[in-house]
file coords-v9.cif (mmCIF, C-alpha atoms and all ligand atoms; chains and numbers go by the auth columns)
data_input
loop_
_atom_site.group_PDB
_atom_site.id
_atom_site.type_symbol
_atom_site.label_atom_id
_atom_site.label_comp_id
_atom_site.label_asym_id
_atom_site.label_seq_id
_atom_site.Cartn_x
_atom_site.Cartn_y
_atom_site.Cartn_z
_atom_site.B_iso_or_equiv
_atom_site.auth_seq_id
_atom_site.auth_asym_id
ATOM 1 C CA MET A 1 0.000 0.000 0.000 0.00 13 A
ATOM 2 C CA ALA A 2 1.284 3.487 -0.823 0.00 14 A
ATOM 3 C CA ASP A 3 2.569 5.609 2.054 0.00 15 A
ATOM 4 C CA THR A 4 -0.129 8.116 2.909 0.00 16 A
ATOM 5 C CA LEU A 5 2.386 10.280 4.810 0.00 17 A
ATOM 6 C CA GLY A 6 0.110 10.722 7.779 0.00 18 A
ATOM 7 C CA MET A 7 -2.931 11.636 5.728 0.00 19 A
ATOM 8 C CA ASP A 8 -6.243 10.843 7.290 0.00 20 A
ATOM 9 C CA PRO A 9 -7.481 7.495 5.884 0.00 21 A
ATOM 10 C CA ALA A 10 -11.064 8.657 6.517 0.00 22 A
ATOM 11 C CA ARG A 11 -10.430 11.672 4.276 0.00 23 A
ATOM 12 C CA ILE A 12 -9.080 9.458 1.515 0.00 24 A
ATOM 13 C CA GLU A 13 -12.144 7.248 1.839 0.00 25 A
ATOM 14 C CA ARG A 14 -14.398 10.329 1.627 0.00 26 A
ATOM 15 C CA LEU A 15 -12.613 11.539 -1.518 0.00 27 A
ATOM 16 C CA ARG A 16 -13.076 8.101 -3.072 0.00 28 A
ATOM 17 C CA SER A 17 -16.688 7.705 -1.977 0.00 29 A
ATOM 18 C CA PRO A 18 -18.996 6.729 -4.858 0.00 30 A
ATOM 19 C CA GLU A 19 -21.689 8.843 -3.144 0.00 31 A
ATOM 20 C CA ARG A 20 -19.883 11.937 -4.492 0.00 32 A
ATOM 21 C CA LEU A 21 -20.815 10.880 -8.014 0.00 33 A
ATOM 22 C CA GLU A 22 -24.471 11.535 -7.190 0.00 34 A
ATOM 23 C CA TYR A 23 -23.899 15.294 -6.836 0.00 35 A
ATOM 24 C CA PHE A 24 -20.416 15.937 -8.309 0.00 36 A
ATOM 25 C CA HIS A 25 -20.165 13.679 -11.333 0.00 37 A
ATOM 26 C CA PRO A 26 -17.031 14.522 -13.402 0.00 38 A
ATOM 27 C CA ASP A 27 -18.907 13.908 -16.668 0.00 39 A
ATOM 28 C CA ARG A 28 -20.822 17.170 -16.099 0.00 40 A
ATOM 29 C CA ILE A 29 -17.470 19.001 -16.317 0.00 41 A
ATOM 30 C CA TRP A 30 -16.451 17.422 -19.613 0.00 42 A
ATOM 31 C CA GLU A 31 -19.902 18.231 -21.040 0.00 43 A
ATOM 32 C CA VAL A 32 -19.137 21.914 -20.443 0.00 44 A
ATOM 33 C CA LEU A 33 -15.443 21.901 -21.397 0.00 45 A
ATOM 34 C CA LYS A 34 -15.826 19.612 -24.429 0.00 46 A
ATOM 35 C CA PRO A 35 -12.189 18.417 -24.504 0.00 47 A
ATOM 36 C CA ALA A 36 -10.746 17.584 -27.927 0.00 48 A
ATOM 37 C CA PRO A 37 -9.200 14.077 -28.166 0.00 49 A
ATOM 38 C CA GLY A 38 -5.543 15.148 -28.072 0.00 50 A
ATOM 39 C CA CYS A 39 -5.850 17.900 -25.474 0.00 51 A
ATOM 40 C CA THR A 40 -3.873 18.343 -22.262 0.00 52 A
ATOM 41 C CA LEU A 41 -5.559 18.670 -18.867 0.00 53 A
ATOM 42 C CA VAL A 42 -3.827 19.775 -15.688 0.00 54 A
ATOM 43 C CA ASP A 43 -5.869 18.885 -12.603 0.00 55 A
ATOM 44 C CA ILE A 44 -4.641 20.882 -9.602 0.00 56 A
ATOM 45 C CA GLY A 45 -5.360 19.636 -6.094 0.00 57 A
ATOM 46 C CA ALA A 46 -6.026 16.302 -7.753 0.00 58 A
ATOM 47 C CA GLY A 47 -6.113 14.373 -4.488 0.00 59 A
ATOM 48 C CA VAL A 48 -6.612 10.696 -5.257 0.00 60 A
ATOM 49 C CA GLY A 49 -7.865 11.512 -8.749 0.00 61 A
ATOM 50 C CA PHE A 50 -11.609 11.975 -8.469 0.00 62 A
ATOM 51 C CA LEU A 51 -11.471 14.091 -11.648 0.00 63 A
ATOM 52 C CA THR A 52 -8.147 13.027 -13.157 0.00 64 A
ATOM 53 C CA LEU A 53 -8.786 9.270 -13.306 0.00 65 A
ATOM 54 C CA PRO A 54 -12.166 9.436 -15.095 0.00 66 A
ATOM 55 C CA PHE A 55 -10.772 12.060 -17.471 0.00 67 A
ATOM 56 C CA ALA A 56 -7.846 9.800 -18.420 0.00 68 A
ATOM 57 C CA GLU A 57 -10.213 6.885 -18.903 0.00 69 A
ATOM 58 C CA ARG A 58 -12.777 8.771 -20.980 0.00 70 A
ATOM 59 C CA PHE A 59 -10.188 10.568 -23.167 0.00 71 A
ATOM 60 C CA PRO A 60 -7.422 8.013 -23.791 0.00 72 A
ATOM 61 C CA GLN A 61 -5.806 10.152 -26.500 0.00 73 A
ATOM 62 C CA ALA A 62 -5.546 13.139 -24.156 0.00 74 A
ATOM 63 C CA LYS A 63 -2.779 13.765 -21.617 0.00 75 A
ATOM 64 C CA ALA A 64 -3.711 14.281 -17.978 0.00 76 A
ATOM 65 C CA TYR A 65 -1.506 15.666 -15.221 0.00 77 A
ATOM 66 C CA GLY A 66 -2.797 15.181 -11.680 0.00 78 A
ATOM 67 C CA CYS A 67 -0.952 17.621 -9.392 0.00 79 A
ATOM 68 C CA ASP A 68 -1.002 17.868 -5.612 0.00 80 A
ATOM 69 C CA ILE A 69 1.161 19.299 -2.850 0.00 81 A
ATOM 70 C CA LEU A 70 0.880 16.082 -0.804 0.00 82 A
ATOM 71 C CA GLU A 71 3.301 13.330 -1.725 0.00 83 A
ATOM 72 C CA GLY A 72 0.915 10.718 -0.332 0.00 84 A
ATOM 73 C CA MET A 73 -1.944 11.809 -2.602 0.00 85 A
ATOM 74 C CA VAL A 74 0.391 11.839 -5.609 0.00 86 A
ATOM 75 C CA GLY A 75 1.599 8.333 -4.716 0.00 87 A
ATOM 76 C CA LEU A 76 -1.936 6.968 -4.440 0.00 88 A
ATOM 77 C CA LEU A 77 -2.942 8.586 -7.737 0.00 89 A
ATOM 78 C CA ARG A 78 0.173 7.244 -9.487 0.00 90 A
ATOM 79 C CA GLN A 79 -0.535 3.753 -8.151 0.00 91 A
ATOM 80 C CA ASP A 80 -4.191 3.837 -9.227 0.00 92 A
ATOM 81 C CA ALA A 81 -3.343 5.158 -12.706 0.00 93 A
ATOM 82 C CA ALA A 82 -0.808 2.334 -13.164 0.00 94 A
ATOM 83 C CA GLU A 83 -3.225 -0.338 -11.891 0.00 95 A
ATOM 84 C CA ARG A 84 -5.925 0.898 -14.282 0.00 96 A
ATOM 85 C CA GLY A 85 -3.464 1.113 -17.172 0.00 97 A
ATOM 86 C CA HIS A 86 -3.854 4.859 -17.732 0.00 98 A
ATOM 87 C CA GLY A 87 -0.558 5.538 -19.523 0.00 99 A
ATOM 88 C CA ASN A 88 -1.867 9.015 -20.399 0.00 100 A
ATOM 89 C CA LEU A 89 -2.007 10.104 -16.733 0.00 101 A
ATOM 90 C CA GLU A 90 1.018 11.504 -14.928 0.00 102 A
ATOM 91 C CA ALA A 91 0.842 12.244 -11.211 0.00 103 A
ATOM 92 C CA LEU A 92 2.998 15.250 -10.302 0.00 104 A
ATOM 93 C CA LEU A 93 4.104 16.520 -6.928 0.00 105 A
ATOM 94 C CA MET A 94 3.826 20.313 -7.009 0.00 106 A
ATOM 95 C CA ALA A 95 5.011 23.088 -4.728 0.00 107 A
ATOM 96 C CA PRO A 96 2.357 25.533 -3.542 0.00 108 A
ATOM 97 C CA ASN A 97 1.666 27.812 -6.542 0.00 109 A
ATOM 98 C CA SER A 98 4.267 26.158 -8.760 0.00 110 A
ATOM 99 C CA ILE A 99 3.965 23.262 -11.192 0.00 111 A
ATOM 100 C CA ASP A 100 6.982 21.942 -13.045 0.00 112 A
ATOM 101 C CA LEU A 101 5.498 22.199 -16.549 0.00 113 A
ATOM 102 C CA PRO A 102 6.371 24.658 -19.321 0.00 114 A
ATOM 103 C CA ASP A 103 4.433 27.819 -20.227 0.00 115 A
ATOM 104 C CA ASN A 104 1.446 27.293 -22.553 0.00 116 A
ATOM 105 C CA SER A 105 1.304 23.544 -21.964 0.00 117 A
ATOM 106 C CA ALA A 106 -2.359 23.033 -21.019 0.00 118 A
ATOM 107 C CA ASP A 107 -5.662 23.323 -22.842 0.00 119 A
ATOM 108 C CA PHE A 108 -7.648 22.886 -19.632 0.00 120 A
ATOM 109 C CA ILE A 109 -7.004 23.281 -15.940 0.00 121 A
ATOM 110 C CA THR A 110 -9.411 21.925 -13.359 0.00 122 A
ATOM 111 C CA MET A 111 -9.504 22.703 -9.650 0.00 123 A
ATOM 112 C CA GLY A 112 -12.098 20.538 -7.919 0.00 124 A
ATOM 113 C CA GLN A 113 -12.984 21.342 -4.307 0.00 125 A
ATOM 114 C CA LEU A 114 -9.616 23.039 -3.879 0.00 126 A
ATOM 115 C CA HIS A 115 -10.269 26.767 -3.927 0.00 127 A
ATOM 116 C CA HIS A 116 -11.779 26.970 -0.419 0.00 128 A
ATOM 117 C CA GLU A 117 -8.591 25.381 0.977 0.00 129 A
ATOM 118 C CA LEU A 118 -6.304 28.061 -0.488 0.00 130 A
ATOM 119 C CA ASP A 119 -4.941 30.779 1.790 0.00 131 A
ATOM 120 C CA ALA A 120 -3.858 32.962 -1.149 0.00 132 A
ATOM 121 C CA PRO A 121 -5.524 31.867 -4.409 0.00 133 A
ATOM 122 C CA GLU A 122 -4.134 34.576 -6.701 0.00 134 A
ATOM 123 C CA PRO A 123 -0.563 33.221 -7.018 0.00 135 A
ATOM 124 C CA LEU A 124 -1.960 29.802 -7.956 0.00 136 A
ATOM 125 C CA MET A 125 -4.336 31.395 -10.468 0.00 137 A
ATOM 126 C CA ALA A 126 -1.393 33.290 -11.969 0.00 138 A
ATOM 127 C CA GLU A 127 0.438 29.965 -12.283 0.00 139 A
ATOM 128 C CA CYS A 128 -2.636 28.572 -14.072 0.00 140 A
ATOM 129 C CA LYS A 129 -2.532 31.520 -16.489 0.00 141 A
ATOM 130 C CA ARG A 130 1.132 30.734 -17.226 0.00 142 A
ATOM 131 C CA LEU A 131 0.419 27.047 -17.825 0.00 143 A
ATOM 132 C CA LEU A 132 -2.588 27.524 -20.092 0.00 144 A
ATOM 133 C CA LYS A 133 -2.255 28.051 -23.805 0.00 145 A
ATOM 134 C CA PRO A 134 -3.789 31.344 -24.989 0.00 146 A
ATOM 135 C CA GLY A 135 -7.515 30.625 -25.241 0.00 147 A
ATOM 136 C CA GLY A 136 -7.236 27.711 -22.797 0.00 148 A
ATOM 137 C CA THR A 137 -9.817 27.272 -20.040 0.00 149 A
ATOM 138 C CA ILE A 138 -9.608 27.134 -16.275 0.00 150 A
ATOM 139 C CA ALA A 139 -12.508 25.403 -14.518 0.00 151 A
ATOM 140 C CA ILE A 140 -12.990 25.988 -10.805 0.00 152 A
ATOM 141 C CA ILE A 141 -15.551 23.784 -9.146 0.00 153 A
ATOM 142 C CA ASP A 142 -15.984 24.312 -5.440 0.00 154 A
ATOM 143 C CA TRP A 143 -18.611 24.244 -2.744 0.00 155 A
ATOM 144 C CA ALA A 144 -21.414 26.714 -3.412 0.00 156 A
ATOM 145 C CA ASP A 145 -21.641 29.701 -1.092 0.00 157 A
ATOM 146 C CA ALA A 146 -24.984 28.530 0.286 0.00 158 A
ATOM 147 C CA ASP A 147 -26.507 26.757 3.258 0.00 159 A
ATOM 148 C CA ASN A 148 -27.391 23.652 1.308 0.00 160 A
ATOM 149 C CA GLY A 149 -26.605 20.905 3.778 0.00 161 A
ATOM 150 C CA LYS A 150 -23.335 19.966 2.023 0.00 162 A
ATOM 151 C CA SER A 151 -21.257 23.161 1.677 0.00 163 A
ATOM 152 C CA PRO A 152 -18.982 24.063 4.589 0.00 164 A
ATOM 153 C CA PRO A 153 -20.007 26.916 6.891 0.00 165 A
ATOM 154 C CA VAL A 154 -19.650 30.601 6.000 0.00 166 A
ATOM 155 C CA GLY A 155 -15.989 31.561 6.126 0.00 167 A
ATOM 156 C CA ARG A 156 -14.911 28.235 4.599 0.00 168 A
ATOM 157 C CA ARG A 157 -16.652 28.750 1.257 0.00 169 A
ATOM 158 C CA VAL A 158 -15.941 31.333 -1.414 0.00 170 A
ATOM 159 C CA PRO A 159 -18.512 33.657 -3.017 0.00 171 A
ATOM 160 C CA VAL A 160 -18.663 33.704 -6.826 0.00 172 A
ATOM 161 C CA ALA A 161 -17.887 37.446 -6.890 0.00 173 A
ATOM 162 C CA VAL A 162 -14.631 36.842 -5.008 0.00 174 A
ATOM 163 C CA MET A 163 -13.483 34.089 -7.391 0.00 175 A
ATOM 164 C CA ARG A 164 -14.503 36.215 -10.374 0.00 176 A
ATOM 165 C CA ALA A 165 -12.435 39.169 -9.128 0.00 177 A
ATOM 166 C CA GLN A 166 -9.434 36.918 -8.455 0.00 178 A
ATOM 167 C CA LEU A 167 -9.576 35.413 -11.950 0.00 179 A
ATOM 168 C CA LYS A 168 -9.888 38.818 -13.605 0.00 180 A
ATOM 169 C CA GLY A 169 -7.121 40.166 -11.382 0.00 181 A
ATOM 170 C CA VAL A 170 -4.570 37.765 -12.869 0.00 182 A
ATOM 171 C CA GLY A 171 -5.710 38.384 -16.446 0.00 183 A
ATOM 172 C CA PHE A 172 -8.402 35.785 -17.183 0.00 184 A
ATOM 173 C CA THR A 173 -11.281 36.901 -19.374 0.00 185 A
ATOM 174 C CA GLY A 174 -14.732 35.533 -20.204 0.00 186 A
ATOM 175 C CA VAL A 175 -15.490 34.466 -16.649 0.00 187 A
ATOM 176 C CA ASP A 176 -18.658 32.393 -16.699 0.00 188 A
ATOM 177 C CA THR A 177 -20.682 30.298 -14.273 0.00 189 A
ATOM 178 C CA HIS A 178 -22.448 27.035 -15.108 0.00 190 A
ATOM 179 C CA ASP A 179 -25.584 25.934 -13.314 0.00 191 A
ATOM 180 C CA VAL A 180 -24.714 22.257 -13.379 0.00 192 A
ATOM 181 C CA TYR A 181 -24.288 21.052 -9.814 0.00 193 A
ATOM 182 C CA GLU A 182 -26.683 21.296 -6.895 0.00 194 A
ATOM 183 C CA PHE A 183 -24.050 21.903 -4.225 0.00 195 A
ATOM 184 C CA HIS A 184 -21.130 23.356 -6.186 0.00 196 A
ATOM 185 C CA THR A 185 -20.226 26.564 -7.958 0.00 197 A
ATOM 186 C CA PHE A 186 -18.747 25.828 -11.387 0.00 198 A
ATOM 187 C CA MET A 187 -16.808 28.692 -12.985 0.00 199 A
ATOM 188 C CA THR A 188 -14.786 28.827 -16.174 0.00 200 A
ATOM 189 C CA ALA A 189 -12.515 31.550 -17.530 0.00 201 A
ATOM 190 C CA THR A 190 -10.298 31.978 -20.578 0.00 202 A
ATOM 191 C CA ALA A 191 -6.526 32.517 -20.523 0.00 203 A
HETATM 192 C C1 LIG B . -10.687 18.412 -0.953 0.00 301 A
HETATM 193 S S1 LIG B . -9.345 17.684 -1.788 0.00 301 A
HETATM 194 C C2 LIG B . -10.048 17.522 -3.418 0.00 301 A
HETATM 195 C C3 LIG B . -9.338 16.519 -4.245 0.00 301 A
HETATM 196 C C4 LIG B . -9.948 16.249 -5.626 0.00 301 A
HETATM 197 N N1 LIG B . -9.906 17.414 -6.469 0.00 301 A
HETATM 198 C C5 LIG B . -11.361 15.760 -5.475 0.00 301 A
HETATM 199 O O1 LIG B . -12.307 16.462 -5.822 0.00 301 A
HETATM 200 O O2 LIG B . -11.506 14.642 -4.977 0.00 301 A
HETATM 201 C C6 LIG B . -8.191 19.015 -2.007 0.00 301 A
HETATM 202 C C7 LIG B . -6.819 18.561 -2.465 0.00 301 A
HETATM 203 O O3 LIG B . -6.064 19.732 -2.749 0.00 301 A
HETATM 204 C C8 LIG B . -4.752 19.578 -2.253 0.00 301 A
HETATM 205 N N2 LIG B . -4.225 20.931 -2.002 0.00 301 A
HETATM 206 C C9 LIG B . -4.413 21.715 -0.927 0.00 301 A
HETATM 207 N N3 LIG B . -3.787 22.904 -1.087 0.00 301 A
HETATM 208 C C10 LIG B . -3.209 22.858 -2.315 0.00 301 A
HETATM 209 C C11 LIG B . -2.415 23.767 -3.067 0.00 301 A
HETATM 210 N N4 LIG B . -2.093 24.968 -2.582 0.00 301 A
HETATM 211 N N5 LIG B . -1.983 23.405 -4.285 0.00 301 A
HETATM 212 C C12 LIG B . -2.304 22.170 -4.778 0.00 301 A
HETATM 213 N N6 LIG B . -3.035 21.251 -4.110 0.00 301 A
HETATM 214 C C13 LIG B . -3.472 21.597 -2.891 0.00 301 A
HETATM 215 C C14 LIG B . -4.906 18.716 -1.025 0.00 301 A
HETATM 216 O O4 LIG B . -3.693 18.033 -0.732 0.00 301 A
HETATM 217 C C15 LIG B . -6.025 17.769 -1.460 0.00 301 A
HETATM 218 O O5 LIG B . -5.511 16.624 -2.074 0.00 301 A
#
call {"tool": "encode", "arguments": {"input": "coords-v9.cif", "output": "C-alpha cells"}}
result
Amino acid sequence: MADTLGMDPARIERLRSPERLEYFHPDRIWEVLKPAPGCTLVDIGAGVGFLTLPFAERFPQAKAYGCDILEGMVGLLRQDAAERGHGNLEALLMAPNSIDLPDNSADFITMGQLHHELDAPEPLMAECKRLLKPGGTIAIIDWADADNGKSPPVGRRVPVAVMRAQLKGVGFTGVDTHDVYEFHTFMTATA
C-alpha cells in the first residue's frame, strides 16, 4: 500500500466515496469543457484523482496531469493510474503555486474542491494563467456559497464574486458560471 504520509485514511475514503458521483459527477465538467481528443488537462489539487482518473479513462488520446502538494496523494494517484493502465495520466508533486510544466502547456485546468482550501488563491491562479495556452480554459468547481446541507459553513466557502475578481485580477477573461451542480459553484474563464 502506498505511504499516505500521515494523511487521514477517513479523508481518503471520503474523496473516493462513490456517493460523491451523485452530486459531483465529473462527466458534467467534460460536457461543459468539451475536450478535444488530443488535449492536455492539468488537474490541480487532484487528491486521489476523483477528476483526473475518469478524465484519463474517458479521453485516452488526451494527456492528464494530476498535481497535488501532498506526496501521499500523488503516490496513491500514481498507483491507481498504473493499476488501471492509464498511460496518459502523470501524477505530479507540485510546490504551492508552482507546477513543473512549461508555459502554454495546457488546454484545460481543473480545480475541484480546492479553492476553499487556499490561503492565497491569486498566485496559484497566476500559475494557471502561465500554464494555459492562450484561449485555454480554467474550470474551478468548489462548494457553493450557500446553506445547502453539504457546503462548509460561511468563512470556509468562497462567493462567486470573489473568485470572479481573483480570476480577472490575474488576467483571465470571459469568466462564466455554469448551473450544473446542486451543491457546487462551477466557474470557467479563458486565458
Ligand atoms: C478536498 S481535496 C479535493 C481533491 C480532488 N480534487 C477531489 O475532488 O476529490 C483538495 C486537495 O487539494 C490539495 N491541495 C491543498 N492545497 C493545495 C495547493 N495549494 N496546491 C495544490 N493542491 C493543494 C490537497 O492536498 C487535497 O488533495
call {"tool": "resolve_selection", "arguments": {"input": "coords-v9.cif", "expression": "the PyMOL selection byres (((chain A and resi 179-187) around 12) and not hetatm)", "output": "PyMOL selection string"}}
result
chain A and resi 127+133-142+144-152+172-178+188-190+198-203
call {"tool": "closest_residue", "arguments": {"input": "coords-v9.cif", "among": "A:Lys162, A:His37, A:Arg168, A:Arg23", "to": "Met85 in chain A", "atoms": "all atoms listed in the file"}}
result
A:Arg23
call {"tool": "closest_atom_pairs", "arguments": {"input": "coords-v9.cif", "of": "chain A", "to": "ligand LIG 301 (chain A)", "cutoff": "8 Å", "atoms": "all atoms listed in the file", "output": "tab-separated table"}}
result
residue	atom	partner	partner_atom	distance
A:Leu27	CA	A:LIG301	O2	4.8
A:Arg28	CA	A:LIG301	O2	7.0
A:Asp55	CA	A:LIG301	N1	7.5
A:Ile56	CA	A:LIG301	C12	5.5
A:Gly57	CA	A:LIG301	O3	3.4
A:Ala58	CA	A:LIG301	N1	4.2
A:Gly59	CA	A:LIG301	O5	3.4
A:Val60	CA	A:LIG301	O2	6.3
A:Gly61	CA	A:LIG301	C4	6.0
A:Phe62	CA	A:LIG301	O2	4.4
A:Leu63	CA	A:LIG301	O1	6.3
A:Cys79	CA	A:LIG301	C12	6.6
A:Asp80	CA	A:LIG301	N6	4.2
A:Ile81	CA	A:LIG301	N6	4.8
A:Leu82	CA	A:LIG301	O4	5.0
A:Met85	CA	A:LIG301	O5	6.0
A:Met106	CA	A:LIG301	C12	6.8
A:Ala107	CA	A:LIG301	N5	7.0
A:Pro108	CA	A:LIG301	N4	4.6
A:Asn109	CA	A:LIG301	N5	6.2
A:Met123	CA	A:LIG301	N1	6.2
A:Gly124	CA	A:LIG301	N1	4.1
A:Gln125	CA	A:LIG301	C2	4.9
A:Leu126	CA	A:LIG301	C6	4.7
A:Glu129	CA	A:LIG301	N3	5.8
A:Leu130	CA	A:LIG301	N4	5.6
A:Asp131	CA	A:LIG301	N4	7.8
A:Pro133	CA	A:LIG301	N4	7.9
A:Leu136	CA	A:LIG301	N4	7.2
call {"tool": "write_last_selection", "arguments": {"input": "coords-v9.cif", "atoms": "C-alpha atoms", "output": "short mmCIF file (atom, residue, chain, number, x, y, z; two decimals), in the coordinates of the input"}}
result
data_model
loop_
_atom_site.label_atom_id
_atom_site.label_comp_id
_atom_site.auth_asym_id
_atom_site.auth_seq_id
_atom_site.Cartn_x
_atom_site.Cartn_y
_atom_site.Cartn_z
CA LEU A 27 -12.61 11.54 -1.52
CA ARG A 28 -13.08 8.10 -3.07
CA ASP A 55 -5.87 18.89 -12.60
CA ILE A 56 -4.64 20.88 -9.60
CA GLY A 57 -5.36 19.64 -6.09
CA ALA A 58 -6.03 16.30 -7.75
CA GLY A 59 -6.11 14.37 -4.49
CA VAL A 60 -6.61 10.70 -5.26
CA GLY A 61 -7.86 11.51 -8.75
CA PHE A 62 -11.61 11.98 -8.47
CA LEU A 63 -11.47 14.09 -11.65
CA CYS A 79 -0.95 17.62 -9.39
CA ASP A 80 -1.00 17.87 -5.61
CA ILE A 81 1.16 19.30 -2.85
CA LEU A 82 0.88 16.08 -0.80
CA MET A 85 -1.94 11.81 -2.60
CA MET A 106 3.83 20.31 -7.01
CA ALA A 107 5.01 23.09 -4.73
CA PRO A 108 2.36 25.53 -3.54
CA ASN A 109 1.67 27.81 -6.54
CA MET A 123 -9.50 22.70 -9.65
CA GLY A 124 -12.10 20.54 -7.92
CA GLN A 125 -12.98 21.34 -4.31
CA LEU A 126 -9.62 23.04 -3.88
CA GLU A 129 -8.59 25.38 0.98
CA LEU A 130 -6.30 28.06 -0.49
CA ASP A 131 -4.94 30.78 1.79
CA PRO A 133 -5.52 31.87 -4.41
CA LEU A 136 -1.96 29.80 -7.96
#
call {"tool": "resolve_selection", "arguments": {"input": "coords-v9.cif", "expression": "the PyMOL selection byres (((chain A and resi 41) around 10) and not hetatm)", "output": "PyMOL selection string"}}
result
chain A and resi 36-40+42-47+63+67+122+151-153+190+192-193+198
call {"tool": "residues_around", "arguments": {"input": "coords-v9.cif", "residues": "Ala103 in chain A", "least_positions_apart": "2", "cutoff": "8 Å", "atoms": "only C-alpha atoms", "output": "list in words"}}
result
Tyr77, Gly78, Cys79, Val86, Gly87, Leu89, Arg90, Leu101 and Leu105 of chain A
call {"tool": "atom_distance", "arguments": {"input": "coords-v9.cif", "atom1": "CA of Arg96 in chain A", "atom2": "CA of Gln73 in chain A"}}
result
15.3 Å
